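So this one's run20.cif, mmCIF, C-alpha atoms:
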data_final
#
loop_
_atom_site.label_atom_id
_atom_site.label_comp_id
_atom_site.auth_asym_id
_atom_site.auth_seq_id
_atom_site.Cartn_x
_atom_site.Cartn_y
_atom_site.Cartn_z
CA MET A 1 98.32 134.84 74.14
CA PRO A 2 101.75 133.60 75.24
CA SER A 3 103.00 130.30 73.90
CA LEU A 4 104.31 127.50 76.10
CA GLN A 5 107.88 128.19 74.96
CA HIS A 6 107.62 131.91 75.81
CA VAL A 7 106.20 131.22 79.25
CA VAL A 8 108.95 128.73 80.05
CA LYS A 9 111.70 130.95 78.65
CA ASP A 10 110.57 133.82 80.88
CA LEU A 11 110.32 131.60 83.96
CA LEU A 12 113.82 130.18 83.49
CA ALA A 13 115.44 133.48 82.44
CA SER A 14 114.06 135.37 85.44
CA GLY A 15 115.12 132.60 87.79
CA ALA A 16 111.56 132.17 89.05
CA VAL A 17 111.99 128.41 88.71
CA GLU A 18 115.04 126.16 88.66
CA VAL A 19 113.70 123.69 86.16
CA VAL A 20 110.61 123.14 84.06
CA ILE A 21 109.30 119.61 83.62
CA GLY A 22 107.68 119.26 80.23
CA TYR A 23 107.57 117.22 77.05
CA GLU A 24 109.90 117.15 74.08
CA LYS A 25 109.59 115.39 70.76
CA ALA A 26 111.16 111.94 70.80
CA PRO A 27 113.67 111.77 67.95
CA GLY A 28 112.32 110.10 64.83
CA GLN A 29 109.09 109.05 66.43
CA ASN A 30 105.52 110.21 66.54
CA ARG A 31 105.58 110.64 70.30
CA THR A 32 106.89 112.81 73.10
CA ARG A 33 109.00 112.07 76.13
CA PRO A 34 109.50 113.85 79.45
CA PHE A 35 112.05 116.66 79.32
CA PHE A 36 113.63 118.74 82.07
CA ALA A 37 114.33 122.26 80.80
CA ARG A 38 117.02 123.98 82.88
CA THR A 39 118.16 126.89 80.67
CA PRO A 40 116.14 129.44 78.68
CA GLU A 41 117.50 127.83 75.47
CA ASP A 42 116.01 124.50 76.52
CA ALA A 43 112.56 126.07 76.35
CA ASP A 44 112.55 125.79 72.55
CA ARG A 45 112.65 122.01 72.80
CA LEU A 46 109.35 121.87 74.68
CA VAL A 47 106.25 120.71 72.82
CA PHE A 48 102.69 119.94 73.78
CA ASP A 49 100.17 118.00 71.72
CA PHE A 50 98.00 114.87 71.72
CA SER A 51 101.05 112.69 72.36
CA ALA A 52 101.85 114.31 75.72
CA LEU A 53 100.74 111.19 77.55
CA ASN A 54 102.88 111.08 80.69
CA ASN A 55 101.57 112.45 83.93
CA LEU A 56 104.62 114.50 84.88
CA ALA A 57 103.31 115.07 88.40
CA VAL A 58 105.09 111.82 89.28
CA TYR A 59 108.36 113.83 89.19
CA LEU A 60 107.08 116.08 91.97
CA THR A 61 107.10 113.31 94.56
CA ARG A 62 109.95 113.69 97.01
CA GLN A 63 112.14 110.88 95.75
CA LYS A 64 111.97 111.95 92.11
CA ARG A 65 112.03 115.74 92.36
CA PRO A 66 114.61 117.10 89.89
CA ALA A 67 115.55 120.27 91.84
CA LYS A 68 115.63 121.56 95.38
CA GLY A 69 114.16 124.94 94.49
CA LYS A 70 110.95 125.92 92.78
CA ILE A 71 109.87 123.69 89.93
CA GLY A 72 107.82 124.60 86.88
CA ILE A 73 105.64 121.87 85.44
CA VAL A 74 103.61 121.50 82.27
CA ALA A 75 100.27 120.03 83.26
CA LYS A 76 97.12 118.87 81.53
CA GLY A 77 93.89 118.94 83.51
CA CYS A 78 94.33 115.40 84.84
CA ASP A 79 97.98 116.12 85.77
CA ALA A 80 96.93 119.32 87.54
CA ARG A 81 94.50 117.29 89.63
CA ALA A 82 97.36 114.99 90.64
CA ILE A 83 99.44 118.02 91.66
CA THR A 84 96.47 119.32 93.69
CA MET A 85 96.10 115.93 95.37
CA LEU A 86 99.80 115.97 96.32
CA MET A 87 99.15 119.35 97.95
CA GLN A 88 96.11 117.96 99.77
CA GLU A 89 98.37 115.27 101.20
CA GLN A 90 101.08 117.75 102.23
CA GLN A 91 103.60 116.37 99.77
CA LEU A 92 103.93 119.78 98.16
CA THR A 93 103.17 123.34 99.11
CA ARG A 94 101.61 125.80 96.73
CA ASP A 95 104.90 127.73 96.58
CA ASP A 96 106.95 124.68 95.58
CA VAL A 97 105.61 124.65 92.04
CA HIS A 98 104.70 126.91 89.19
CA VAL A 99 102.01 125.10 87.26
CA ILE A 100 101.82 125.82 83.55
CA GLY A 101 98.31 124.61 82.82
CA MET A 102 97.64 123.41 79.28
CA GLU A 103 94.18 123.40 77.82
CA CYS A 104 93.87 119.94 76.38
CA SER A 105 91.86 118.35 73.62
CA GLY A 106 92.62 114.76 74.50
CA VAL A 107 95.62 112.48 74.18
CA THR A 108 96.08 109.12 72.51
CA ALA A 109 95.83 105.82 74.36
CA GLU A 110 99.12 104.51 73.00
CA MET A 111 102.47 106.09 72.26
CA GLY A 112 103.00 106.74 68.57
CA ALA A 113 99.39 106.77 67.41
CA ASP A 114 97.74 109.73 65.70
CA LEU A 115 94.77 111.24 67.48
CA SER A 116 91.37 110.10 66.29
CA LYS A 117 88.09 109.09 67.83
CA ASP A 118 89.35 105.49 67.99
CA THR A 119 92.77 106.15 69.49
CA LEU A 120 91.58 108.61 72.14
CA ALA A 121 92.64 107.55 75.65
CA ALA A 122 89.86 106.11 77.77
CA LYS A 123 90.34 108.78 80.45
CA CYS A 124 89.68 111.54 77.89
CA VAL A 125 86.28 110.09 76.99
CA THR A 126 84.82 111.14 80.33
CA CYS A 127 87.21 114.04 81.05
CA LYS A 128 85.76 117.13 82.72
CA VAL A 129 88.98 119.11 83.11
CA GLN A 130 90.03 120.24 79.63
CA THR A 131 90.97 123.46 81.41
CA PRO A 132 93.21 122.60 84.36
CA PRO A 133 91.59 123.46 87.70
CA LEU A 134 95.00 124.50 89.05
CA ALA A 135 97.35 126.77 87.07
CA ASP A 136 99.69 129.69 87.70
CA THR A 137 99.92 130.34 83.98
CA LEU A 138 97.26 129.06 81.64
CA VAL A 139 98.26 128.32 78.06
CA GLU A 140 95.11 128.34 76.00
CA GLY A 141 94.58 125.84 73.24
CA PRO A 142 91.93 123.78 71.54
CA LYS A 143 89.77 121.93 74.03
CA ASP A 144 86.94 120.52 71.97
CA TYR A 145 87.12 117.05 70.59
CA GLU A 146 84.83 114.34 69.37
CA ARG A 147 84.13 111.83 72.12
CA PRO A 148 83.40 108.20 71.32
CA ASP A 149 81.06 106.07 73.45
CA ASP A 150 82.23 105.40 76.98
CA ARG A 151 83.56 101.87 76.39
CA ASN A 152 84.95 101.50 79.91
CA GLY A 153 81.67 102.62 81.43
CA ALA A 154 79.87 99.96 79.41
CA ARG A 155 82.45 97.42 80.51
CA MET A 156 81.90 98.33 84.15
CA ARG A 157 78.13 97.98 83.86
CA GLU A 158 78.72 94.60 82.22
CA LEU A 159 80.93 93.50 85.12
CA GLU A 160 78.50 94.77 87.72
CA ALA A 161 75.70 92.78 86.11
CA MET A 162 77.68 89.54 86.48
CA THR A 163 77.43 87.17 89.45
CA PRO A 164 80.22 87.51 92.06
CA GLU A 165 81.66 84.18 90.84
CA GLN A 166 81.88 85.48 87.28
CA ARG A 167 83.45 88.72 88.43
CA PHE A 168 86.00 86.84 90.52
CA ALA A 169 86.82 84.60 87.57
CA PHE A 170 87.24 87.66 85.34
CA TRP A 171 89.62 89.42 87.73
CA ALA A 172 91.52 86.22 88.56
CA GLY A 173 92.13 85.88 84.82
CA GLU A 174 93.39 89.45 84.60
CA PHE A 175 95.53 89.39 87.76
CA ASP A 176 97.01 86.04 86.76
CA ARG A 177 98.98 87.85 84.05
CA CYS A 178 100.54 90.27 86.53
CA VAL A 179 104.33 89.88 86.65
CA ARG A 180 104.72 92.14 89.68
CA CYS A 181 106.99 94.60 87.91
CA TYR A 182 105.31 97.41 89.88
CA ALA A 183 105.28 99.63 86.81
CA CYS A 184 101.79 100.71 87.96
CA ARG A 185 103.31 101.94 91.19
CA GLN A 186 106.24 103.70 89.52
CA ALA A 187 104.03 105.56 87.07
CA CYS A 188 101.56 106.69 89.72
CA PRO A 189 102.02 110.17 91.18
CA MET A 190 100.08 109.12 94.27
CA CYS A 191 102.27 106.07 95.02
CA TYR A 192 105.01 107.90 96.88
CA CYS A 193 105.40 105.78 100.05
CA GLU A 194 109.09 105.31 100.78
CA GLN A 195 108.35 101.81 101.97
CA CYS A 196 105.48 100.23 100.07
CA VAL A 197 103.30 97.64 101.78
CA ALA A 198 104.37 95.25 99.02
CA GLU A 199 107.93 95.40 100.31
CA LYS A 200 107.14 94.90 103.96
CA ASN A 201 108.19 91.44 105.04
CA GLN A 202 107.77 91.42 108.80
CA PRO A 203 105.05 90.33 108.53
CA GLN A 204 104.77 89.66 104.83
CA TRP A 205 101.26 90.89 104.07
CA ILE A 206 101.55 90.61 100.32
CA GLU A 207 103.31 87.69 98.71
CA THR A 208 106.07 88.90 96.43
CA SER A 209 106.16 86.06 93.91
CA ALA A 210 103.99 86.43 90.83
CA THR A 211 101.42 83.80 91.75
CA LEU A 212 97.71 84.37 91.52
CA ARG A 213 97.32 84.57 95.27
CA GLY A 214 99.90 87.31 95.71
CA ASN A 215 98.70 89.06 92.57
CA ILE A 216 95.14 89.35 93.87
CA ALA A 217 96.46 90.76 97.14
CA TRP A 218 98.74 93.26 95.43
CA ASN A 219 96.26 94.55 92.88
CA VAL A 220 93.37 94.83 95.32
CA ILE A 221 95.47 96.59 97.95
CA ARG A 222 97.08 98.88 95.37
CA ALA A 223 93.61 99.93 94.19
CA PHE A 224 92.37 100.35 97.76
CA HIS A 225 95.31 102.53 98.71
CA LEU A 226 94.27 104.86 95.89
CA GLY A 227 90.65 105.00 97.04
CA GLY A 228 89.59 108.64 97.24
CA ARG A 229 93.07 109.66 96.05
CA CYS A 230 93.21 108.49 92.45
CA VAL A 231 92.65 111.36 90.02
CA GLY A 232 92.04 109.03 87.08
CA CYS A 233 95.14 109.87 85.01
CA ASN A 234 95.27 106.16 84.14
CA GLU A 235 99.06 106.04 84.02
CA CYS A 236 99.04 102.71 85.89
CA GLU A 237 97.05 101.05 83.14
CA ARG A 238 99.19 102.59 80.42
CA ALA A 239 102.39 101.44 82.15
CA CYS A 240 101.11 97.90 82.70
CA PRO A 241 102.97 95.46 80.42
CA ALA A 242 100.29 92.81 81.02
CA ASP A 243 97.39 95.09 79.98
CA ILE A 244 95.47 94.58 83.20
CA PRO A 245 92.53 97.02 83.21
CA LEU A 246 93.60 98.73 86.45
CA GLY A 247 91.70 101.84 85.43
CA LEU A 248 88.41 100.00 86.03
CA LEU A 249 89.31 99.35 89.67
CA ASN A 250 90.30 102.96 90.19
CA ARG A 251 87.21 104.20 88.43
CA LYS A 252 85.01 102.01 90.62
CA LEU A 253 86.51 103.50 93.79
CA GLY A 254 86.24 106.99 92.30
CA MET A 255 82.55 106.35 91.68
CA VAL A 256 82.06 105.13 95.25
CA ALA A 257 83.84 108.24 96.59
CA GLY A 258 81.55 110.42 94.49
CA GLN A 259 78.29 108.63 95.23
CA GLU A 260 78.80 107.94 98.94
CA PHE A 261 80.73 111.03 99.97
CA GLY A 262 80.28 113.54 97.13
CA TYR A 263 84.08 113.58 96.88
CA ALA A 264 86.33 114.08 93.89
CA ALA A 265 90.10 113.79 94.37
CA GLY A 266 92.39 116.64 93.43
CA MET A 267 89.87 119.39 92.78
CA ASP A 268 90.67 121.63 95.74
CA ALA A 269 94.11 121.91 97.36
CA SER A 270 92.65 123.03 100.69
CA ALA A 271 90.10 120.18 100.92
CA PRO A 272 90.78 117.41 103.44
CA THR A 273 91.53 113.93 102.14
CA LEU A 274 88.67 111.45 101.95
CA VAL A 275 89.86 108.81 104.41
CA GLY A 276 91.69 111.29 106.61
CA THR A 277 88.35 112.64 107.79
CA TRP A 278 84.94 111.27 108.73
CA ASP A 279 81.43 112.42 109.34
CA LYS A 280 78.83 111.22 111.80
CA SER A 281 76.30 111.01 109.00
CA ASP A 282 78.38 108.71 106.77
CA ARG A 283 76.14 106.05 105.31
CA GLN A 284 76.32 102.59 106.87
CA GLU A 285 73.45 100.49 105.52
CA TYR A 286 75.82 97.59 104.94
CA ILE A 287 76.78 97.39 108.63
CA LYS A 288 74.57 95.12 110.70
CA MET B 289 70.53 77.52 115.70
CA LYS B 290 70.61 75.10 112.80
CA MET B 291 72.78 72.02 112.97
CA PRO B 292 75.17 71.54 110.07
CA THR B 293 73.63 69.40 107.36
CA SER B 294 76.92 68.40 105.75
CA THR B 295 80.42 67.57 106.96
CA TRP B 296 81.70 70.87 105.58
CA ASN B 297 81.95 73.61 108.13
CA PRO B 298 82.75 77.12 107.01
CA LYS B 299 85.77 78.89 108.42
CA ILE B 300 84.89 82.38 109.53
CA VAL B 301 87.51 84.86 110.65
CA ALA B 302 86.10 87.61 112.85
CA PHE B 303 88.12 90.74 113.55
CA VAL B 304 86.64 92.27 116.68
CA CYS B 305 87.58 95.27 118.75
CA ASN B 306 88.78 94.75 122.26
CA TRP B 307 86.38 97.14 123.96
CA CYS B 308 82.98 96.29 122.53
CA THR B 309 82.54 93.23 120.36
CA TYR B 310 85.17 91.06 122.04
CA THR B 311 83.61 91.84 125.40
CA GLY B 312 80.14 91.28 123.91
CA ALA B 313 81.21 87.87 122.59
CA ASP B 314 82.68 87.10 125.99
CA LEU B 315 79.34 88.01 127.53
CA ALA B 316 77.61 85.61 125.14
CA GLY B 317 79.95 82.92 126.43
CA THR B 318 79.52 83.64 130.12
CA SER B 319 75.74 83.89 129.59
CA ARG B 320 75.91 80.39 128.06
CA LEU B 321 74.17 81.51 124.90
CA LYS B 322 74.37 78.86 122.19
CA GLN B 323 76.11 79.85 118.99
CA GLU B 324 77.70 78.11 116.07
CA PRO B 325 81.37 77.39 116.68
CA ASN B 326 82.79 78.33 113.26
CA ALA B 327 83.99 81.85 113.94
CA ARG B 328 87.63 82.35 114.93
CA LEU B 329 87.91 85.62 116.76
CA ILE B 330 90.92 87.86 116.35
CA ARG B 331 91.02 90.62 118.90
CA VAL B 332 92.37 94.01 117.83
CA PRO B 333 92.59 97.20 119.89
CA CYS B 334 90.08 99.09 117.77
CA THR B 335 88.24 98.74 114.46
CA GLY B 336 90.48 101.54 113.28
CA ARG B 337 93.37 99.07 113.59
CA ILE B 338 91.87 96.72 111.00
CA ASP B 339 93.87 97.09 107.83
CA PRO B 340 92.20 95.68 104.70
CA VAL B 341 95.27 93.48 104.20
CA PHE B 342 94.04 91.52 107.24
CA VAL B 343 90.91 90.61 105.30
CA ILE B 344 92.88 89.64 102.21
CA LYS B 345 95.22 87.55 104.35
CA ALA B 346 92.25 85.79 105.97
CA PHE B 347 90.84 84.79 102.58
CA GLU B 348 94.31 83.72 101.42
CA SER B 349 94.63 81.54 104.49
CA GLY B 350 91.44 79.66 103.73
CA ALA B 351 88.64 81.69 105.28
CA ASP B 352 85.24 81.25 103.64
CA GLY B 353 84.01 84.47 105.14
CA VAL B 354 85.16 87.42 107.19
CA LEU B 355 83.27 89.35 109.85
CA ILE B 356 84.42 92.72 111.12
CA SER B 357 82.81 94.11 114.23
CA GLY B 358 83.35 96.89 116.72
CA CYS B 359 81.80 99.59 118.85
CA HIS B 360 78.70 101.43 117.72
CA PRO B 361 79.25 104.93 116.29
CA ALA B 362 79.78 107.45 119.11
CA ASP B 363 80.81 104.60 121.45
CA CYS B 364 84.42 104.10 120.36
CA HIS B 365 86.85 103.73 123.25
CA TYR B 366 89.20 106.01 121.33
CA ASN B 367 86.34 108.33 120.30
CA THR B 368 86.80 108.28 116.51
CA GLY B 369 88.43 104.98 115.53
CA ASN B 370 85.24 103.43 114.24
CA TYR B 371 84.30 106.54 112.25
CA HIS B 372 87.62 106.41 110.43
CA ALA B 373 87.20 102.68 109.91
CA ARG B 374 83.67 103.09 108.51
CA ARG B 375 84.90 105.31 105.66
CA ARG B 376 87.59 102.83 104.71
CA TRP B 377 85.11 99.93 104.81
CA THR B 378 82.72 101.76 102.52
CA LEU B 379 85.47 101.95 99.92
CA PHE B 380 86.86 98.51 100.65
CA HIS B 381 83.66 96.47 100.59
CA ASN B 382 82.63 98.11 97.32
CA LEU B 383 86.04 97.31 95.83
CA LEU B 384 85.91 93.69 97.00
CA ASP B 385 82.39 93.33 95.62
CA PHE B 386 83.70 94.62 92.28
CA VAL B 387 86.42 91.95 92.18
CA GLY B 388 83.91 89.23 93.08
CA ILE B 389 84.13 88.96 96.87
CA ASP B 390 80.58 90.03 97.59
CA SER B 391 78.73 90.99 100.74
CA SER B 392 77.88 87.40 101.64
CA ARG B 393 81.61 86.76 102.20
CA LEU B 394 82.46 89.99 103.97
CA HIS B 395 80.26 91.19 106.84
CA PHE B 396 80.30 94.20 109.11
CA SER B 397 78.50 94.82 112.36
CA TRP B 398 78.40 97.00 115.45
CA VAL B 399 78.13 94.93 118.62
CA SER B 400 78.56 96.57 122.00
CA ALA B 401 79.90 95.00 125.21
CA SER B 402 76.36 94.43 126.49
CA GLU B 403 74.99 92.93 123.27
CA GLY B 404 75.85 89.27 123.82
CA LYS B 405 72.56 88.29 122.25
CA LYS B 406 73.13 90.44 119.19
CA TRP B 407 76.57 88.84 118.76
CA VAL B 408 75.00 85.37 118.65
CA THR B 409 72.41 86.54 116.09
CA VAL B 410 75.08 88.18 113.94
CA VAL B 411 77.47 85.22 114.02
CA ASP B 412 74.76 82.64 113.38
CA GLY B 413 73.38 84.76 110.53
CA VAL B 414 76.82 85.14 108.94
CA ILE B 415 77.56 81.44 109.25
CA ASP B 416 74.19 80.46 107.75
CA GLU B 417 74.75 82.78 104.84
CA ILE B 418 78.23 81.47 104.15
CA ARG B 419 77.12 77.88 104.58
CA ALA B 420 74.51 78.54 101.89
CA ARG B 421 77.19 80.00 99.59
CA GLY B 422 79.59 77.09 100.12
CA PRO B 423 83.39 77.14 100.44
CA PHE B 424 85.34 79.95 98.80
CA GLU B 425 87.01 77.46 96.50
CA ARG B 426 88.05 79.88 93.79
CA TYR B 427 90.26 81.87 96.13
CA GLN B 428 91.51 78.78 97.95
CA LYS B 429 92.48 77.19 94.65
CA ALA B 430 94.57 80.26 93.90
CA ASN B 431 96.77 79.14 96.79
CA SER B 432 97.99 76.11 94.88
CA GLU B 433 98.53 77.84 91.56
CA PHE B 434 102.27 78.28 91.43
CA ALA B 435 103.96 80.49 88.91
CA LEU B 436 105.89 77.39 87.79
CA PRO B 437 103.63 74.90 85.95
CA PRO B 438 103.32 71.65 88.01
CA ALA B 439 105.16 69.55 85.39
CA LEU B 440 108.16 71.88 85.46
CA PHE B 441 107.99 71.97 89.21
CA GLU B 442 108.14 68.18 89.43
CA ALA B 443 111.02 68.00 86.95
CA ALA B 444 112.95 70.54 89.01
CA ALA B 445 112.27 68.60 92.20
CA LYS B 446 113.51 65.38 90.55
CA GLU B 447 116.71 67.04 89.46
CA VAL B 448 117.35 68.28 92.97
CA GLN B 449 116.83 64.74 94.28
CA GLN B 450 119.33 63.29 91.80
CA HIS B 451 122.01 65.70 92.93
CA ALA B 452 121.35 65.05 96.59
#
Mind turning the file's structure into structure tokens?
Amino acid sequence: MPSLQHVVKDLLASGAVEVVIGYEKAPGQNRTRPFFARTPEDADRLVFDFSALNNLAVYLTRQKRPAKGKIGIVAKGCDARAITMLMQEQQLTRDDVHVIGMECSGVTAEMGADLSKDTLAAKCVTCKVQTPPLADTLVEGPKDYERPDDRNGARMRELEAMTPEQRFAFWAGEFDRCVRCYACRQACPMCYCEQCVAEKNQPQWIETSATLRGNIAWNVIRAFHLGGRCVGCNECERACPADIPLGLLNRKLGMVAGQEFGYAAGMDASAPTLVGTWDKSDRQEYIK
Amino acid sequence: MKMPTSTWNPKIVAFVCNWCTYTGADLAGTSRLKQEPNARLIRVPCTGRIDPVFVIKAFESGADGVLISGCHPADCHYNTGNYHARRRWTLFHNLLDFVGIDSSRLHFSWVSASEGKKWVTVVDGVIDEIRARGPFERYQKANSEFALPPALFEAAAKEVQQHA
């Protein structure tokens, strides 16, 4: 069974790829950071463990791509789904990337923590892709881990049981903390628009100042624009300095996509996108 | 039609497509059908043109409810605009419900050019429902919540005055 370092060394030495996007150990800390390996020697710096939090697929979007030629990328299951989704939306072709799929046994919620049942990231609790669904080379590894109760699922059921007024008050309280740094957008591999609706000012659909009114607009529209596209990597929530539970909004839309349309984002590169298509039999009970 | 029981009248913003619902509402008018006067119609070329930011903007601007209406499935002037729109609405109305803007604030309907009567029923129904819910105060209050606390804001205004 080849190791990650061997795979990458071969890819770079043979010239099959120009660069490999992966993780390296951050000096002096119990965490990793993104690393762009360009020479075979660089391959030895690559690591992969429970602290490989970043979704590196964000570097495959056109503005951030580190090389013109073929790119190798180290991808967990959730990252591989993001890469697939980029292909579904014609942002990438299959030949543009060499995906080094990593079997994954969960990552931590926060940088620097050791992996345990309590520090496991929320997305890993309900993860179904320990083995990446898209990979040119699969690096096997442990993929069993102890899963705690689905806290976010419980939280969603709690919210859904509330009255609309209570729900609005809850979200107003959360969005009120938003400082409009757009870290959620920067971290998201699916937020690749060259001009975001938040920056359009003729007309100004979304207020740019960090007031509650503009914050509601921004956060609702951001979530909506990811409807049927979000792969649940939860990078937005991790990047958020105000700890707004953005993952709940995304999960809600993911659930709707699954229940109403039997659709899961990023599972099949040849599948059409959810809102790019339609069906005569789409449900419409809510339309008078 | 019920007459308003209080002085408060809900503001309803209705986004309607040019080819079906707008014409249907026009028919209701020319047929002299009575309807409540609280809906402000905004005519768009097609339901497919209705971006969810329109709905957000309507609530921001003081709407107590929003109605979106267009051609029945298979009747779209552009063939598929309403099918595309329907998928987006399914996602959008579920998302809005999850953040506390429930289905009594946001309504959808199909009203064709010949359904003047249906338009009156739909509009009156929507207005009754929103009247029962009351004004959307929580969102409207968000309009006046500035990032700067009011005290600081006043102090800053005073300083500007002194220098003037």
Note to self: Starting from the PyMOL selection byres ((chain A) within 9 of (chain B)), expand the selection into actual residues of this file and give them as a PyMOL selection string.
What the structure shows: chain A and resi 159-160+163-172+205-206+209-214+216-217+220-221+223-224+227-228+249+252-253+256-257+260+274-280+282-284+286-288
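Rounded to one decimal, CA of Arg419 (chain B) and CA of Asp352 (chain B) lie 8.8 Å from each other.
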Item checked: Nearest to Ser402 (chain B), chosen from B:Gly312, B:Glu425, B:Glu447, B:Trp307, with all atoms listed in the file counted in the distances -> B:Gly312
Item checked: Result set of the PyMOL selection byres ((chain A and resi 186-200) around 7) on the coordinates above, as number ranges by chain -> A: 57-58, 61, 82, 182-185, 201-204, 206, 218, 235-236, 239
Next item on the list: Return the single residue from A:Val139, A:Cys230, A:Leu46, A:Gly153 that is closest to Tyr263 (chain A), with distances computed using only C-alpha atoms.
Entry: A:Cys230
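Of the listed residues B:Gly317, B:Ile338, B:Glu324, B:Gly353, the one whose atoms come nearest to Val304 (chain B) is B:Ile338, with distances taken using all atoms listed in the file.
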Next item on the list: Might you spell out which residues the PyMOL selection byres ((chain A and resi 148) around 8) would select in the displayed file, as an NGL selection string?
Entry: :A and (117-118 or 125 or 146-147 or 149-150)
Go ahead and dump the residues you just picked, C-alpha atoms, as a compact mmCIF listing (two decimals), in the frame of the given file.
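The resulting file, part_10.txt, is reproduced below:
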# COMPACT_ATOMS: atom_id res chain seq x y z
CA LYS A 117 88.09 109.09 67.83
CA ASP A 118 89.35 105.49 67.99
CA VAL A 125 86.28 110.09 76.99
CA GLU A 146 84.83 114.34 69.37
CA ARG A 147 84.13 111.83 72.12
CA ASP A 149 81.06 106.07 73.45
CA ASP A 150 82.23 105.40 76.98
Next item on the list: Can you work out the spacing between CA of Pro34 (chain A) and CA of Glu89 (chain A) in Å, to one decimal?
Entry: 24.5 Å
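As for CA of Val408 (chain B) and CA of Thr311 (chain B), they are spaced 12.7 Å apart.
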Next item on the list: For region 327-330 of chain B, work out the shell of residues within 7 Å, counting all atoms listed in the file and skipping chain neighbours fewer than 4 positions away, then give it as a ChimeraX atom specification.
Entry: /B:299-304
Check: Near Ala420 (chain B), counting only C-alpha atoms, which residues have an atom at most 10 Å away, once you skip same-chain residues fewer than 5 positions from it, shown as a PyMOL selection string?
Finding: chain B and resi 298+392+414-415
Note to self: Distance cut-off 10 Å, centre (93.4, 127.0, 88.0) in file coordinates, counting all atoms listed in the file: which residues qualify? Return them as a PyMOL selection string.
What the structure shows: chain A and resi 77+80-81+99-101+131-138+267-268
Keeping only C-alpha atoms, take the residues you just selected and write them out as a tab-separated table (two decimals), in the coordinates of the input.
chain	number	residue	atom	x	y	z
A	77	GLY	CA	93.89	118.94	83.51
A	80	ALA	CA	96.93	119.32	87.54
A	81	ARG	CA	94.50	117.29	89.63
A	99	VAL	CA	102.01	125.10	87.26
A	100	ILE	CA	101.82	125.82	83.55
A	101	GLY	CA	98.31	124.61	82.82
A	131	THR	CA	90.97	123.46	81.41
A	132	PRO	CA	93.21	122.60	84.36
A	133	PRO	CA	91.59	123.46	87.70
A	134	LEU	CA	95.00	124.50	89.05
A	135	ALA	CA	97.35	126.77	87.07
A	136	ASP	CA	99.69	129.69	87.70
A	137	THR	CA	99.92	130.34	83.98
A	138	LEU	CA	97.26	129.06	81.64
A	267	MET	CA	89.87	119.39	92.78
A	268	ASP	CA	90.67	121.63	95.74
Note to self: Which residues are near Cys104 (chain A)? Cut-off 6 Å, all atoms listed in the file, ignore same chain within fewer than 2 positions. Put them as a PyMOL selection string.
What the structure shows: chain A and resi 102+106+130+143
